[in-house]
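Worksheet: one structure, shown below.
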Amino acid sequence: MQPFRPEVAARLAELAPPLLEQLDEMTSRMVSILERSEGAYTEQGPVVRAELFESGRANLERGVRTLMGDADDSGRAGMAAAREVGRRRAAQGVPLETVLRAYRLGGQVTWEALRAAARAAEAPGDSDVLLEVAGSVWHVNDVQCAALAEAYRAEERRLAGIDDQARQQVLDGLLGGRGGDPVFVRTASELLALPLDGRLVCAVAPPDDAGNPTLTEPAARLLKRGVRSVWGWRSGAQVGVVALGTRRLGDVLGWLGELAEGPVGVSAVVEGAASVGSAWRLADTAARTLPAGGGRVVSIDDRLPEALLSSSPEITRRLVDQSLGRLLDLSGEERDVLLDTLTAFLAADGSPTRAADQLYCHRNTVMHRLRRIEQVTGRSVTDPRVRLLWQLALLAAEHRPATRP
């Protein structure tokens, strides 16, 4: 911005400072107009909208301080900020026209606030001051919009140039253990526009029975929530590495649940690219604990017993045979009744009374069935270790209690 004449600069030094106290109100007004008029921002998640408020407020403050004469970098900070917004919005999938509208709206809001301050003061000569300032404000706004658009298009070209094969190669490197190589991680992060030095999770979605993916465009749809990710295939399943940032894992689980048409396993949160390989194995294990079909999304931490059982099929079979073997060999009706009773008894923490309430029968009936279970299995219902074995065996046998009236 070109220096103002001394008399204009002196008047701005009086009019502009009070605007600093109105920044939150000015930003809220700007964001409200954008959300009403620009559907692209309405479609974005709360993270992107919060970022819009923060970046919009910072831009407004920078403009006000420039009017006050506080800027000592000849507009370099404003240009750098405009380029960064352009790059970031391109990566988030916000249309360029929408981003430029937001930037121009920031200039308009600043100008209207300054004009309102001048009207309230009613000082002679303010109309000439405002006329000179208006030309300067809109010139700077146009220059910054040009820089923003240039950075936006450059990032758009860069992202479009990354083909599926290159993306898959980078993903294979991360899952294969190259996350400990700083050079590879830096290249991968730049190539994918994905931060790999923070909180990450892996997700695994096995295909359906026909071999089709059960997550449709997960990267683009998560991006609308402000979440960056990279997706590909590994061992026949869709695999994604998701950058959490400051978001909660539960939020990402919920968003994936909205997309999933089949089971999805998600790892625990890991720090940095070096742990992506182990995160993938955890997510894959979580996915394998789920039955096919249905859009259930689970974290490995919610499936630890099932994960232990699925990791050792031989031991799992032995556990079931030793704990429930003879019980499973009974005739269908008696077997189901006793398994339901055992499941209810364990869920009631060993209380026959509460188990009877759950099964809608008398306590003595439950006691009779428990004695029968002891007789068949040769194990005592009062032994804590036996109860643990039974709980694990029922999980492994995927027994579900029959529905009661």
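Ordering of the structure tokens sets the chain letters (A, B, ...); residue numbers start at 1 within each chain; ligands are numbered from 1 in the order shown.
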What residues in range 257-305 of chain A get the DSSP label helix (DSSP H, G or I)? Please answer as a PyMOL selection string. chain A and resi 257-259+273-288+300-302+304-305
Test item: residues at most 10 Å from Thr316 in chain A, only C-alpha atoms, excluding those fewer than 5 positions along its chain, as number ranges by chain: A: 308-311, 321-322, 392-393, 395-397
Could you dump the residues just selected with N, CA and C atoms as a PDB file, in the first residue's frame?
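Generated output (result_10.pdb):
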```pdb
ATOM      1  N   LEU A 308      -7.218 -60.213  19.841  1.00  0.00           N
ATOM      2  CA  LEU A 308      -6.342 -61.261  20.375  1.00  0.00           C
ATOM      3  C   LEU A 308      -6.752 -62.629  19.833  1.00  0.00           C
ATOM      4  N   LEU A 309      -8.053 -62.883  19.800  1.00  0.00           N
ATOM      5  CA  LEU A 309      -8.534 -64.176  19.338  1.00  0.00           C
ATOM      6  C   LEU A 309      -8.264 -64.364  17.843  1.00  0.00           C
ATOM      7  N   SER A 310      -8.469 -63.307  17.054  1.00  0.00           N
ATOM      8  CA  SER A 310      -8.293 -63.444  15.606  1.00  0.00           C
ATOM      9  C   SER A 310      -6.830 -63.573  15.215  1.00  0.00           C
ATOM     10  N   SER A 311      -5.934 -63.154  16.095  1.00  0.00           N
ATOM     11  CA  SER A 311      -4.508 -63.186  15.757  1.00  0.00           C
ATOM     12  C   SER A 311      -3.901 -64.576  15.900  1.00  0.00           C
ATOM     13  N   ASP A 321     -12.689 -75.284  22.105  1.00  0.00           N
ATOM     14  CA  ASP A 321     -12.867 -76.719  22.335  1.00  0.00           C
ATOM     15  C   ASP A 321     -12.765 -77.081  23.810  1.00  0.00           C
ATOM     16  N   GLN A 322     -11.782 -76.500  24.487  1.00  0.00           N
ATOM     17  CA  GLN A 322     -11.555 -76.845  25.884  1.00  0.00           C
ATOM     18  C   GLN A 322     -12.608 -76.246  26.811  1.00  0.00           C
ATOM     19  N   LEU A 392     -14.201 -65.374  26.615  1.00  0.00           N
ATOM     20  CA  LEU A 392     -13.403 -65.370  25.392  1.00  0.00           C
ATOM     21  C   LEU A 392     -13.912 -66.409  24.400  1.00  0.00           C
ATOM     22  N   ALA A 393     -14.270 -67.569  24.889  1.00  0.00           N
ATOM     23  CA  ALA A 393     -14.755 -68.623  24.005  1.00  0.00           C
ATOM     24  C   ALA A 393     -16.069 -68.229  23.342  1.00  0.00           C
ATOM     25  N   LEU A 395     -16.981 -65.171  22.659  1.00  0.00           N
ATOM     26  CA  LEU A 395     -16.621 -64.200  21.625  1.00  0.00           C
ATOM     27  C   LEU A 395     -16.126 -64.910  20.380  1.00  0.00           C
ATOM     28  N   ALA A 396     -15.254 -65.896  20.590  1.00  0.00           N
ATOM     29  CA  ALA A 396     -14.677 -66.609  19.452  1.00  0.00           C
ATOM     30  C   ALA A 396     -15.734 -67.401  18.698  1.00  0.00           C
ATOM     31  N   ALA A 397     -16.693 -67.951  19.433  1.00  0.00           N
ATOM     32  CA  ALA A 397     -17.753 -68.730  18.791  1.00  0.00           C
ATOM     33  C   ALA A 397     -18.832 -67.834  18.198  1.00  0.00           C
TER      34      ALA A 397
END
```
So what do you get for CA of Met26 in chain A versus CA of Gly106 in chain A, distance-wise?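 Atom-to-atom, CA of Met26 in chain A and CA of Gly106 in chain A are spaced 8.7 Å apart.
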Would you list the contacts of range 352-365 of chain A as a count of residues only, taking every protein, DNA or RNA residue within 9 Å and counting only C-alpha atoms, but skipping same-chain residues closer than 3 positions in sequence? 15
Contact residues around Ala102 in chain A with only C-alpha atoms at 8 Å, ignoring same-chain residues under 3 positions, as a list in words: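 Within the cut-off, the hits are Met30, Leu34, Thr98, Val99, Leu105 and Gly106 of chain A.
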Quick one: everything within 7 Å of range 179-185 of chain A, counting only C-alpha atoms, minus sequence neighbours fewer than 4 positions away in the same chain. Send it as a list in words.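 The neighbour list is Leu174, Ser189, Ala273, Ala274 and Val276 of chain A.
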Which residue of A:Gly86, A:Gly173, A:Pro291, A:Gly135 approaches Ala151 in chain A most closely, using only C-alpha atoms: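 Selected residue with least distance to Ala151 in chain A: A:Gly86.
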Residue neighbourhood range 281-289 of chain A, 8 Å, only C-alpha atoms, exclusion window fewer than 4 positions, as a list in words: Cys202, Ala203, Val204, Ala205, Pro206, Pro263, Val264, Gly265, Val266, Ser267, Ala268, Gly277, Val298, Ser299, Ile300, Arg303, Glu306, Ala307, Ser310 and Ser311 of chain A
Could you please take those selected residues and save C-alpha atoms as a tab-separated table (two decimals), in the first residue's frame?
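Generated file (selection34.tsv):
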```tsv
chain	number	residue	atom	x	y	z
A	202	CYS	CA	-4.95	-45.80	9.61
A	203	ALA	CA	-8.25	-47.20	8.35
A	204	VAL	CA	-8.84	-50.51	6.56
A	205	ALA	CA	-12.06	-51.32	4.68
A	206	PRO	CA	-12.33	-54.84	3.20
A	263	PRO	CA	-16.90	-53.03	7.99
A	264	VAL	CA	-14.04	-50.60	8.63
A	265	GLY	CA	-11.24	-51.07	11.16
A	266	VAL	CA	-9.36	-48.07	12.51
A	267	SER	CA	-6.06	-48.05	14.38
A	268	ALA	CA	-5.21	-46.25	17.56
A	277	GLY	CA	3.16	-49.37	9.46
A	298	VAL	CA	-14.62	-49.68	15.01
A	299	SER	CA	-11.34	-48.71	16.60
A	300	ILE	CA	-8.86	-51.41	17.56
A	303	ARG	CA	-12.03	-54.79	19.74
A	306	GLU	CA	-11.59	-60.09	19.48
A	307	ALA	CA	-8.26	-58.94	18.06
A	310	SER	CA	-8.29	-63.44	15.61
A	311	SER	CA	-4.51	-63.19	15.76
```
Which residue is closest to Ala9 in chain A? Choose from A:Gly226, A:Pro305, A:Gly69, A:Gly254 and count only C-alpha atoms.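 Under the stated criterion, the closest residue is A:Gly69.
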